[in-house]
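Colleague: One structure is given below, represented as structure tokens, and several questions about it will come after.
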Amino acid sequence: MLRTALRNVLAHKARLMMTALAVLLGVAFVAGTLIFSDTVAEAVKNASAKNLKDVAVSVQAADEDPDAPSSVGPGKDGKRATALDDKLADQIRALPGVRSVRANVTGQATLAGRDDQPIGNGWQNLAANYQPGKDGKDSRYPLVQGRGPAAGDEIALAETTAKAAGYALGDTVRFATDGPVLKKKLVGIVATDDPQVTAGGSLALFDTATAQKLFLHAGQFDELVVAAAPGTDQKALTAKVREVLPAKRAQATSGSDLAAEQSRMIAESNSAMSKTLLTFAGIALFVGIFIIANTFTMLISQRSREIALLRAVGASRRQVVRSVLAEAALLGVISSAVGFALGTGIAVGLRAVLDANGAGFPDGPLVISPAAVLSALGVGVVVTVLAAWLPSRKAAKIAPVEALSSVEAPPKRRSLVVRNVIGSVITALGVAVMLYVSTLKSSDDLPTAMLGSAVTLIGVIILAPLLSRPLVSLAGLVTTRLFGIGGKLAKENALRNPRRTAATASALMIGLTLITGMTVVGHSAQIGMDKMAATEMTADYRIETTTYTGLDPELSKKVARLPGVEAMAPLRSTVYKVGEGIGSVTGTDLSQIGKLTRIQFTQGSLDAVRAGGIAVAQAEAKLRGWQVGDTVSLEFNDKKKARVKVAAVYKDNETFRDALADVSLVDPHLTQVKNDKLLVKAAGGGSPALAKDIRHALGDSPLLKVQSHEDLRKENAGQIDTIVNMVYGLLGMAVIIAVVGVVNTLAMSVFERTREIGMLRAIGLARSGIKQMVRLESVVISLFGAVLGIGLGIFLAWAGGSLVGSSFPTYEMVLPWDRLGLFLLIALVVGVLAALWPARRAARLNMLEAIGAE
């Protein structure tokens, strides 16, 4: 039987090629994901280990005691204060076993390029102190050109940062740390493998005194890195260091613990990407199951005489099952091996593509772990064998005498009653879960929505043969009217075997269901964001910093005095505590805010808030049980309490989250008074000239974001489009596999109907008519899958949209008719392209040989 299985594989190479393609594409996706994840994780781990090479103990400032005068955090002057100073560094240097102590200062600095545009991306714009050793160089930052900064007017940049900004040695570098623009001379360019810098951030280096002046206070540091003398135990040295640290204001961690923590964080960050990619790989393999099962079902149907003969000469049912499964396993091994090789190439290409788009992964070798090899190959073989299991059982049930004596009889149609009942129950259960999901409002319920979507999808797949009759018949009316007898034959061929048609269409349906759902949700979210911006904010500009460090109120006042500015209001917020709950109150200029936003009050008014008290969002009022006129006690983050009156309640919006008040309520509780945002309304609408004047009034800082309505819309659209396009790319593999399934089904169907095609040719149907018949059959099957997928995707998007709507109140489902029409057009094109080879093969059949074929 094993030799029989091997012979069948070799005898039907062309028939199994498309099935093998479906398997290897899915395995390639899995293998590529695993290899890519292992490679990136190892590269980042090696880069982190390199940075920790000489770290025996790391002493860092702590903020366990917020009332301590030297605790971490910005003080009244806006600079951080720490307990790590020169005196503590000298104490640690004096400990036995300490070889050296490195004192680090860190912060953020955003550079402006030659085009005055900011470089990097916010919190990854790193800054540090350059600490030369006895040789005049800093081992952490090898020099590429020039020298390290040694004076207050000098700066060094990472090589990638200098290149992105367009700076060369001797140039004047413009940058900002908290608002005002600073200028320093570029004296050095260094290399670094810091993952934050290579992943799109930037790095600026200053001498230690300058770094302290920018980010801390003179003589203070963020971290003391202790290097141990040879033979010193890290744990023991860490314990000695802890003894000299100020209680609650500094903490010591051994180098080994630090490395373990970094490895854990790397694994966690890498895990999210790996799980996402493996999810889509699983979808691709799930689609492949339909193709594999379809292929083996048709092969067994064509080999019924052969299987019957084997049964007649003594083969048991178990042997027949084993023969089919052995054939599937062999196909799975070969396909998985090729797929793994392709997946290796995908991993290399994926890394290159992401690096080209600014991912900046550290350099490192390609990592192919035994786990990746075994997982990818195992998945491919298991999926193939499982998909072939039901067809193998069908093969074992062939009765020898019946099969040998009824070669010319059409195959018996199996009842769909049991399948339809099971499918109806599962579909009803899935729909019930999704209807329940449509009543939920929290993103924490996403797992329930995913479960309901999966159950609904599986139910529709089971019901697909039942649904194929009305939908295919409807499509057949169109094809018959437009193409005559060819269209009618195509419809009859698609309806001849509803199980096969359903399995082929389901592969395409799965991909289009997910793509449609994501498209509808993404489009609706974009419309909701646009509506929110239009209804909530009447200001022409919103101004904030890229690092969210705030704007100096004195600078902000200059904006209000600019010609062309009709109104300006600052927004600054603080946190309050009520019982065990926490909320935030936004302070603003109540005399101006009405001109800049649309606040919809359900109780009270803005005038009531101006008279004293606060306005509260509907959700917050409901949560706390507050009513207009209530006096409530709020405890702010500086531990001070205040009793305030609830003067109004407004509809939830994004500009003012929980509560709104005058700045006079908020300012006393801020460590440093800074504006989170500025809202500006221009007389006669905004203009590029006014935007430029605003930037100039605020010091032309590269930290600034001066955004109009259109800028905000593009920013939001860009974020949504990035996610949706990524999903399109990942689900594209599933759609490609579905196309392979259509080609495979048509090719096998043509082979199965060889005699029938010969008879059609004999009674006068031209070769072009045969091609048209096969093409139309392909189009009908593809459109059936597309209609099911698009319809189901819209339903799932509607039901799950409530979870998205919990993020902002203006969300409502809006169908993107242009994209849905494009999806139908793509399905039409898929049907035409998938039929090219099978149609050509059918048209080239020799008439007499086809009529005489068995």
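Chains: A, B, ... in order of the structure tokens. Residues: from 1 per chain. Ligands: from 1, in order shown.
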Quick one: everything within 8 Å of Ala619 of chain A, counting only C-alpha atoms, minus sequence neighbours fewer than 4 positions away in the same chain. Send it as a PyMOL selection string.
Modeller: chain A and resi 623+652+658
Colleague: Produce a file of the selected residues containing N, CA and C atoms, as a short mmCIF file (atom, residue, chain, number, x, y, z; two decimals), in the first residue's frame.
Modeller:
data_model
loop_
_atom_site.label_atom_id
_atom_site.label_comp_id
_atom_site.auth_asym_id
_atom_site.auth_seq_id
_atom_site.Cartn_x
_atom_site.Cartn_y
_atom_site.Cartn_z
N LEU A 623 -20.68 57.83 36.14
CA LEU A 623 -19.82 56.94 36.93
C LEU A 623 -19.76 57.37 38.39
N ASP A 652 -19.80 63.64 26.05
CA ASP A 652 -18.41 63.19 26.02
C ASP A 652 -17.72 63.66 24.74
N ASP A 658 -12.66 64.17 31.07
CA ASP A 658 -13.52 63.93 32.23
C ASP A 658 -14.18 65.20 32.77
#
Colleague: Name the residues of segment 147-236 of chain A that come out as alpha helix (DSSP H) in a backbone DSSP run; write them as a list of chain:residue names.
Modeller: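 Taking segment 147-236 of chain A and keeping alpha helix (DSSP H) gives A:Glu159, A:Thr160, A:Thr161, A:Ala162, A:Lys163, A:Ala164, A:Ala165, A:Pro195, A:Gln196, A:Val197, A:Thr198, A:Thr208, A:Ala209, A:Thr210, A:Ala211, A:Gln212, A:Lys213, A:Leu214, A:Phe215, A:Gln234, A:Lys235, A:Ala236.
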Colleague: Quick one: write out the picked residues with N, CA and C atoms as a PDB file, in the first residue's frame?
Modeller:
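Written output follows (out33.pdb):
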ATOM      1  N   GLU A 159      25.691  58.615  13.538  1.00  0.00           N
ATOM      2  CA  GLU A 159      25.899  58.663  12.089  1.00  0.00           C
ATOM      3  C   GLU A 159      24.572  58.709  11.339  1.00  0.00           C
ATOM      4  N   THR A 160      23.615  57.873  11.774  1.00  0.00           N
ATOM      5  CA  THR A 160      22.306  57.845  11.099  1.00  0.00           C
ATOM      6  C   THR A 160      21.555  59.157  11.297  1.00  0.00           C
ATOM      7  N   THR A 161      21.723  59.778  12.472  1.00  0.00           N
ATOM      8  CA  THR A 161      21.050  61.049  12.754  1.00  0.00           C
ATOM      9  C   THR A 161      21.606  62.163  11.877  1.00  0.00           C
ATOM     10  N   ALA A 162      22.942  62.235  11.790  1.00  0.00           N
ATOM     11  CA  ALA A 162      23.575  63.272  10.971  1.00  0.00           C
ATOM     12  C   ALA A 162      23.174  63.123   9.505  1.00  0.00           C
ATOM     13  N   LYS A 163      23.093  61.882   9.047  1.00  0.00           N
ATOM     14  CA  LYS A 163      22.713  61.629   7.655  1.00  0.00           C
ATOM     15  C   LYS A 163      21.268  62.041   7.402  1.00  0.00           C
ATOM     16  N   ALA A 164      20.371  61.689   8.326  1.00  0.00           N
ATOM     17  CA  ALA A 164      18.951  62.032   8.157  1.00  0.00           C
ATOM     18  C   ALA A 164      18.731  63.538   8.183  1.00  0.00           C
ATOM     19  N   ALA A 165      19.512  64.250   9.008  1.00  0.00           N
ATOM     20  CA  ALA A 165      19.338  65.698   9.127  1.00  0.00           C
ATOM     21  C   ALA A 165      20.104  66.467   8.061  1.00  0.00           C
ATOM     22  N   PRO A 195      19.107  50.059  19.958  1.00  0.00           N
ATOM     23  CA  PRO A 195      17.906  49.725  19.170  1.00  0.00           C
ATOM     24  C   PRO A 195      16.949  50.891  18.982  1.00  0.00           C
ATOM     25  N   GLN A 196      16.859  51.786  19.970  1.00  0.00           N
ATOM     26  CA  GLN A 196      15.947  52.923  19.829  1.00  0.00           C
ATOM     27  C   GLN A 196      16.406  53.876  18.735  1.00  0.00           C
ATOM     28  N   VAL A 197      17.721  54.015  18.590  1.00  0.00           N
ATOM     29  CA  VAL A 197      18.262  54.905  17.566  1.00  0.00           C
ATOM     30  C   VAL A 197      18.158  54.256  16.192  1.00  0.00           C
ATOM     31  N   THR A 198      18.528  52.986  16.114  1.00  0.00           N
ATOM     32  CA  THR A 198      18.482  52.297  14.822  1.00  0.00           C
ATOM     33  C   THR A 198      17.049  52.103  14.338  1.00  0.00           C
ATOM     34  N   THR A 208      29.553  66.391  29.708  1.00  0.00           N
ATOM     35  CA  THR A 208      28.765  66.106  30.909  1.00  0.00           C
ATOM     36  C   THR A 208      28.161  67.360  31.535  1.00  0.00           C
ATOM     37  N   ALA A 209      28.925  68.435  31.641  1.00  0.00           N
ATOM     38  CA  ALA A 209      28.415  69.656  32.272  1.00  0.00           C
ATOM     39  C   ALA A 209      27.239  70.225  31.487  1.00  0.00           C
ATOM     40  N   THR A 210      27.340  70.202  30.161  1.00  0.00           N
ATOM     41  CA  THR A 210      26.249  70.718  29.324  1.00  0.00           C
ATOM     42  C   THR A 210      25.011  69.838  29.444  1.00  0.00           C
ATOM     43  N   ALA A 211      25.198  68.521  29.447  1.00  0.00           N
ATOM     44  CA  ALA A 211      24.068  67.599  29.580  1.00  0.00           C
ATOM     45  C   ALA A 211      23.351  67.812  30.906  1.00  0.00           C
ATOM     46  N   GLN A 212      24.122  68.006  31.981  1.00  0.00           N
ATOM     47  CA  GLN A 212      23.500  68.263  33.283  1.00  0.00           C
ATOM     48  C   GLN A 212      22.726  69.577  33.276  1.00  0.00           C
ATOM     49  N   LYS A 213      23.273  70.575  32.606  1.00  0.00           N
ATOM     50  CA  LYS A 213      22.614  71.874  32.529  1.00  0.00           C
ATOM     51  C   LYS A 213      21.301  71.770  31.765  1.00  0.00           C
ATOM     52  N   LEU A 214      21.281  70.918  30.727  1.00  0.00           N
ATOM     53  CA  LEU A 214      20.087  70.777  29.898  1.00  0.00           C
ATOM     54  C   LEU A 214      18.997  69.954  30.575  1.00  0.00           C
ATOM     55  N   PHE A 215      19.387  68.883  31.273  1.00  0.00           N
ATOM     56  CA  PHE A 215      18.392  67.907  31.731  1.00  0.00           C
ATOM     57  C   PHE A 215      18.289  67.769  33.249  1.00  0.00           C
ATOM     58  N   GLN A 234      29.263  39.602  41.272  1.00  0.00           N
ATOM     59  CA  GLN A 234      28.296  40.660  40.974  1.00  0.00           C
ATOM     60  C   GLN A 234      27.273  40.825  42.083  1.00  0.00           C
ATOM     61  N   LYS A 235      26.741  39.733  42.582  1.00  0.00           N
ATOM     62  CA  LYS A 235      25.702  39.795  43.607  1.00  0.00           C
ATOM     63  C   LYS A 235      26.241  40.444  44.883  1.00  0.00           C
ATOM     64  N   ALA A 236      27.462  40.032  45.268  1.00  0.00           N
ATOM     65  CA  ALA A 236      28.056  40.593  46.487  1.00  0.00           C
ATOM     66  C   ALA A 236      28.343  42.082  46.313  1.00  0.00           C
TER      67      ALA A 236
END
Colleague: Between atom CA of Asp207 of chain A and atom CA of Ala151 of chain A, what is the spacing in Å?
Modeller: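 Between these atoms lies a distance of 6.3 Å.
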Colleague: For Arg775 of chain A, please output as an MDAnalysis selection string all residues within 8 Å (counting only C-alpha atoms; exclusion window: fewer than 5 positions along the same chain).
Modeller: chainID A and resid 831:832 835:836 839
Colleague: Of the candidates A:Gly758, A:Gly120, A:Gly364, A:Gly785, which shows the shortest atom-to-atom distance to Asn46 of chain A, using only C-alpha atoms?
Modeller: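 Between A:Gly758, A:Gly120, A:Gly364, A:Gly785, the residue approaching Asn46 of chain A most closely is A:Gly364.
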Colleague: Applying 8 Å and only C-alpha atoms, which residues near Ala61 of chain A remain after dropping the ones on its own chain fewer than 4 positions away? List them as a PDB file with N, CA, C and O atoms, in the first residue's frame.
Modeller:
ATOM      1  N   SER A  71      13.961  63.780  44.660  1.00  0.00           N
ATOM      2  CA  SER A  71      13.386  62.650  43.926  1.00  0.00           C
ATOM      3  C   SER A  71      13.362  62.928  42.432  1.00  0.00           C
ATOM      4  O   SER A  71      13.508  64.054  41.984  1.00  0.00           O
ATOM      5  N   VAL A  72      13.181  61.873  41.649  1.00  0.00           N
ATOM      6  CA  VAL A  72      13.117  62.005  40.202  1.00  0.00           C
ATOM      7  C   VAL A  72      11.859  62.770  39.812  1.00  0.00           C
ATOM      8  O   VAL A  72      10.805  62.602  40.404  1.00  0.00           O
ATOM      9  N   THR A  82      17.821  64.432  40.939  1.00  0.00           N
ATOM     10  CA  THR A  82      18.057  63.067  41.409  1.00  0.00           C
ATOM     11  C   THR A  82      19.021  63.077  42.591  1.00  0.00           C
ATOM     12  O   THR A  82      19.703  64.068  42.858  1.00  0.00           O
ATOM     13  N   ALA A  83      19.052  61.954  43.277  1.00  0.00           N
ATOM     14  CA  ALA A  83      19.954  61.804  44.417  1.00  0.00           C
ATOM     15  C   ALA A  83      21.322  61.287  43.999  1.00  0.00           C
ATOM     16  O   ALA A  83      22.205  61.119  44.841  1.00  0.00           O
ATOM     17  N   LEU A  84      21.517  61.011  42.707  1.00  0.00           N
ATOM     18  CA  LEU A  84      22.804  60.519  42.214  1.00  0.00           C
ATOM     19  C   LEU A  84      23.685  61.720  41.894  1.00  0.00           C
ATOM     20  O   LEU A  84      23.407  62.473  40.962  1.00  0.00           O
ATOM     21  N   ASP A 222      21.677  60.524  36.063  1.00  0.00           N
ATOM     22  CA  ASP A 222      20.528  59.609  35.981  1.00  0.00           C
ATOM     23  C   ASP A 222      20.919  58.183  36.343  1.00  0.00           C
ATOM     24  O   ASP A 222      20.077  57.416  36.829  1.00  0.00           O
ATOM     25  N   GLU A 223      22.165  57.827  36.093  1.00  0.00           N
ATOM     26  CA  GLU A 223      22.594  56.441  36.315  1.00  0.00           C
ATOM     27  C   GLU A 223      24.087  56.414  36.609  1.00  0.00           C
ATOM     28  O   GLU A 223      24.872  57.184  36.038  1.00  0.00           O
ATOM     29  N   ARG A 249      15.584  56.644  47.353  1.00  0.00           N
ATOM     30  CA  ARG A 249      15.897  57.630  46.320  1.00  0.00           C
ATOM     31  C   ARG A 249      16.855  57.102  45.267  1.00  0.00           C
ATOM     32  O   ARG A 249      17.215  57.818  44.335  1.00  0.00           O
ATOM     33  N   ALA A 250      17.275  55.862  45.419  1.00  0.00           N
ATOM     34  CA  ALA A 250      18.151  55.229  44.421  1.00  0.00           C
ATOM     35  C   ALA A 250      18.034  53.723  44.576  1.00  0.00           C
ATOM     36  O   ALA A 250      17.731  53.214  45.664  1.00  0.00           O
ATOM     37  N   GLN A 251      18.260  52.999  43.486  1.00  0.00           N
ATOM     38  CA  GLN A 251      18.185  51.542  43.524  1.00  0.00           C
ATOM     39  C   GLN A 251      19.316  50.954  42.701  1.00  0.00           C
ATOM     40  O   GLN A 251      19.743  51.541  41.706  1.00  0.00           O
TER      41      GLN A 251
END
Colleague: Can you pull out every residue within 9 Å of Val830 of chain A, counting only C-alpha atoms, but drop anything in the same chain fewer than 6 positions away, and send it as a PyMOL selection string?
Modeller: chain A and resi 739+742+778-779+782
Colleague: With all heavy atoms kept, could you save the residues just selected as a short mmCIF file (atom, residue, chain, number, x, y, z; two decimals), in the first residue's frame?
Modeller:
data_model
loop_
_atom_site.label_atom_id
_atom_site.label_comp_id
_atom_site.auth_asym_id
_atom_site.auth_seq_id
_atom_site.Cartn_x
_atom_site.Cartn_y
_atom_site.Cartn_z
N VAL A 739 -7.03 31.65 -4.82
CA VAL A 739 -6.95 31.63 -6.29
C VAL A 739 -6.40 30.29 -6.76
O VAL A 739 -6.91 29.70 -7.73
CB VAL A 739 -6.06 32.79 -6.80
CG1 VAL A 739 -5.84 32.67 -8.29
CG2 VAL A 739 -6.69 34.12 -6.46
N VAL A 742 -9.16 27.80 -6.76
CA VAL A 742 -10.08 27.88 -7.90
C VAL A 742 -9.44 27.21 -9.12
O VAL A 742 -10.10 26.44 -9.84
CB VAL A 742 -10.43 29.36 -8.21
CG1 VAL A 742 -11.31 29.44 -9.44
CG2 VAL A 742 -11.12 30.00 -7.02
N SER A 778 -15.78 29.58 -13.45
CA SER A 778 -14.81 30.14 -12.50
C SER A 778 -15.31 31.47 -11.94
O SER A 778 -15.21 31.72 -10.74
CB SER A 778 -13.47 30.33 -13.19
OG SER A 778 -12.53 30.95 -12.34
N VAL A 779 -15.84 32.32 -12.80
CA VAL A 779 -16.34 33.62 -12.37
C VAL A 779 -17.51 33.46 -11.40
O VAL A 779 -17.60 34.15 -10.38
CB VAL A 779 -16.74 34.48 -13.58
CG1 VAL A 779 -17.55 35.69 -13.14
CG2 VAL A 779 -15.52 34.91 -14.37
N SER A 782 -16.18 32.35 -8.04
CA SER A 782 -15.46 33.44 -7.38
C SER A 782 -16.42 34.49 -6.85
O SER A 782 -16.25 35.00 -5.74
CB SER A 782 -14.46 34.08 -8.36
OG SER A 782 -13.48 33.15 -8.76
#
Colleague: Run DSSP on the backbone of this structure and report the residues of segment 167-318 of chain A it assigns to strand (DSSP E), as a PyMOL selection string.
Modeller: chain A and resi 172-176+182-190+202-207+223-228+250-254
Colleague: Using the selection just defined, write its residues with C-alpha atoms as a PDB file, in the first residue's frame.
Modeller:
ATOM      1  CA  THR A 172      25.530  74.478  13.269  1.00  0.00           C
ATOM      2  CA  VAL A 173      22.941  72.042  14.640  1.00  0.00           C
ATOM      3  CA  ARG A 174      19.524  73.386  15.676  1.00  0.00           C
ATOM      4  CA  PHE A 175      17.694  71.411  18.361  1.00  0.00           C
ATOM      5  CA  ALA A 176      15.338  71.728  21.305  1.00  0.00           C
ATOM      6  CA  LEU A 182      19.404  75.886  20.874  1.00  0.00           C
ATOM      7  CA  LYS A 183      22.366  75.905  18.510  1.00  0.00           C
ATOM      8  CA  LYS A 184      25.669  74.060  18.807  1.00  0.00           C
ATOM      9  CA  LYS A 185      28.569  73.228  16.511  1.00  0.00           C
ATOM     10  CA  LEU A 186      28.830  69.636  15.213  1.00  0.00           C
ATOM     11  CA  VAL A 187      32.311  68.380  16.164  1.00  0.00           C
ATOM     12  CA  GLY A 188      31.864  64.592  15.993  1.00  0.00           C
ATOM     13  CA  ILE A 189      29.903  61.779  14.392  1.00  0.00           C
ATOM     14  CA  VAL A 190      29.664  58.474  16.263  1.00  0.00           C
ATOM     15  CA  SER A 202      18.076  60.000  16.977  1.00  0.00           C
ATOM     16  CA  LEU A 203      21.071  60.523  19.270  1.00  0.00           C
ATOM     17  CA  ALA A 204      22.740  63.766  20.374  1.00  0.00           C
ATOM     18  CA  LEU A 205      25.788  63.851  22.670  1.00  0.00           C
ATOM     19  CA  PHE A 206      27.034  66.688  24.883  1.00  0.00           C
ATOM     20  CA  ASP A 207      29.849  67.065  27.376  1.00  0.00           C
ATOM     21  CA  GLU A 223      22.594  56.441  36.315  1.00  0.00           C
ATOM     22  CA  LEU A 224      25.883  55.244  37.791  1.00  0.00           C
ATOM     23  CA  VAL A 225      27.298  52.237  35.934  1.00  0.00           C
ATOM     24  CA  VAL A 226      29.702  50.200  38.055  1.00  0.00           C
ATOM     25  CA  ALA A 227      32.377  48.003  36.450  1.00  0.00           C
ATOM     26  CA  ALA A 228      33.796  45.248  38.664  1.00  0.00           C
ATOM     27  CA  ALA A 250      18.151  55.229  44.421  1.00  0.00           C
ATOM     28  CA  GLN A 251      18.185  51.542  43.524  1.00  0.00           C
ATOM     29  CA  ALA A 252      20.911  49.119  42.451  1.00  0.00           C
ATOM     30  CA  THR A 253      20.500  46.241  39.996  1.00  0.00           C
ATOM     31  CA  SER A 254      23.152  43.667  39.140  1.00  0.00           C
TER      32      SER A 254
END
Colleague: Hey, could you make a per-residue contact list for segment 409-523 of chain A against segment 289-300 of chain A with 9 Å as the cut-off, showing the nearest pair of atoms and its distance in Å to one decimal, counting only C-alpha atoms, sorted by chain and number, as CSV?
Modeller:
residue,atom,partner,partner_atom,distance
A:Arg499,CA,A:Asn294,CA,8.9
A:Arg500,CA,A:Asn294,CA,6.4
A:Ala503,CA,A:Phe290,CA,5.6
A:Thr504,CA,A:Ile291,CA,6.8
A:Ser506,CA,A:Phe290,CA,7.6
A:Ala507,CA,A:Phe290,CA,6.4
Colleague: My list of candidates is A:Leu783, A:Ala683, A:Arg393, A:Val333. Which is closest to Ala475 of chain A when distances are computed with only C-alpha atoms?
Modeller: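 Counting only C-alpha atoms, the residue closest to Ala475 of chain A is A:Leu783.
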Colleague: Mind pulling up the distance from atom CA of Leu278 of chain A to atom CA of Leu34 of chain A?
Modeller: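 A separation of 8.2 Å between them.
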Colleague: So that I can check the surroundings of segment 477-494 of chain A, please list as JSON, numbers by chain every protein, DNA and RNA residue that reaches within 7 Å of it, counting only C-alpha atoms and ignoring chain neighbours fewer than 5 positions away.
Modeller: {"A": [472, 501, 769, 772, 773, 774, 776, 777, 781]}
Colleague: Taking only C-alpha atoms into account, which of A:Leu746, A:Leu377, A:Ile593, A:Leu237 comes nearest Leu95 of chain A?
Modeller: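 Among the listed residues, A:Leu237 lies closest to Leu95 of chain A.
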Colleague: Please determine, counting only C-alpha atoms, which residue among A:Phe29, A:Glu327, A:Ser605, A:Asp257 has the shortest atom-to-atom distance to Val379 of chain A.
Modeller: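 Once distances to Val379 of chain A are computed over only C-alpha atoms, the minimum belongs to A:Phe29.
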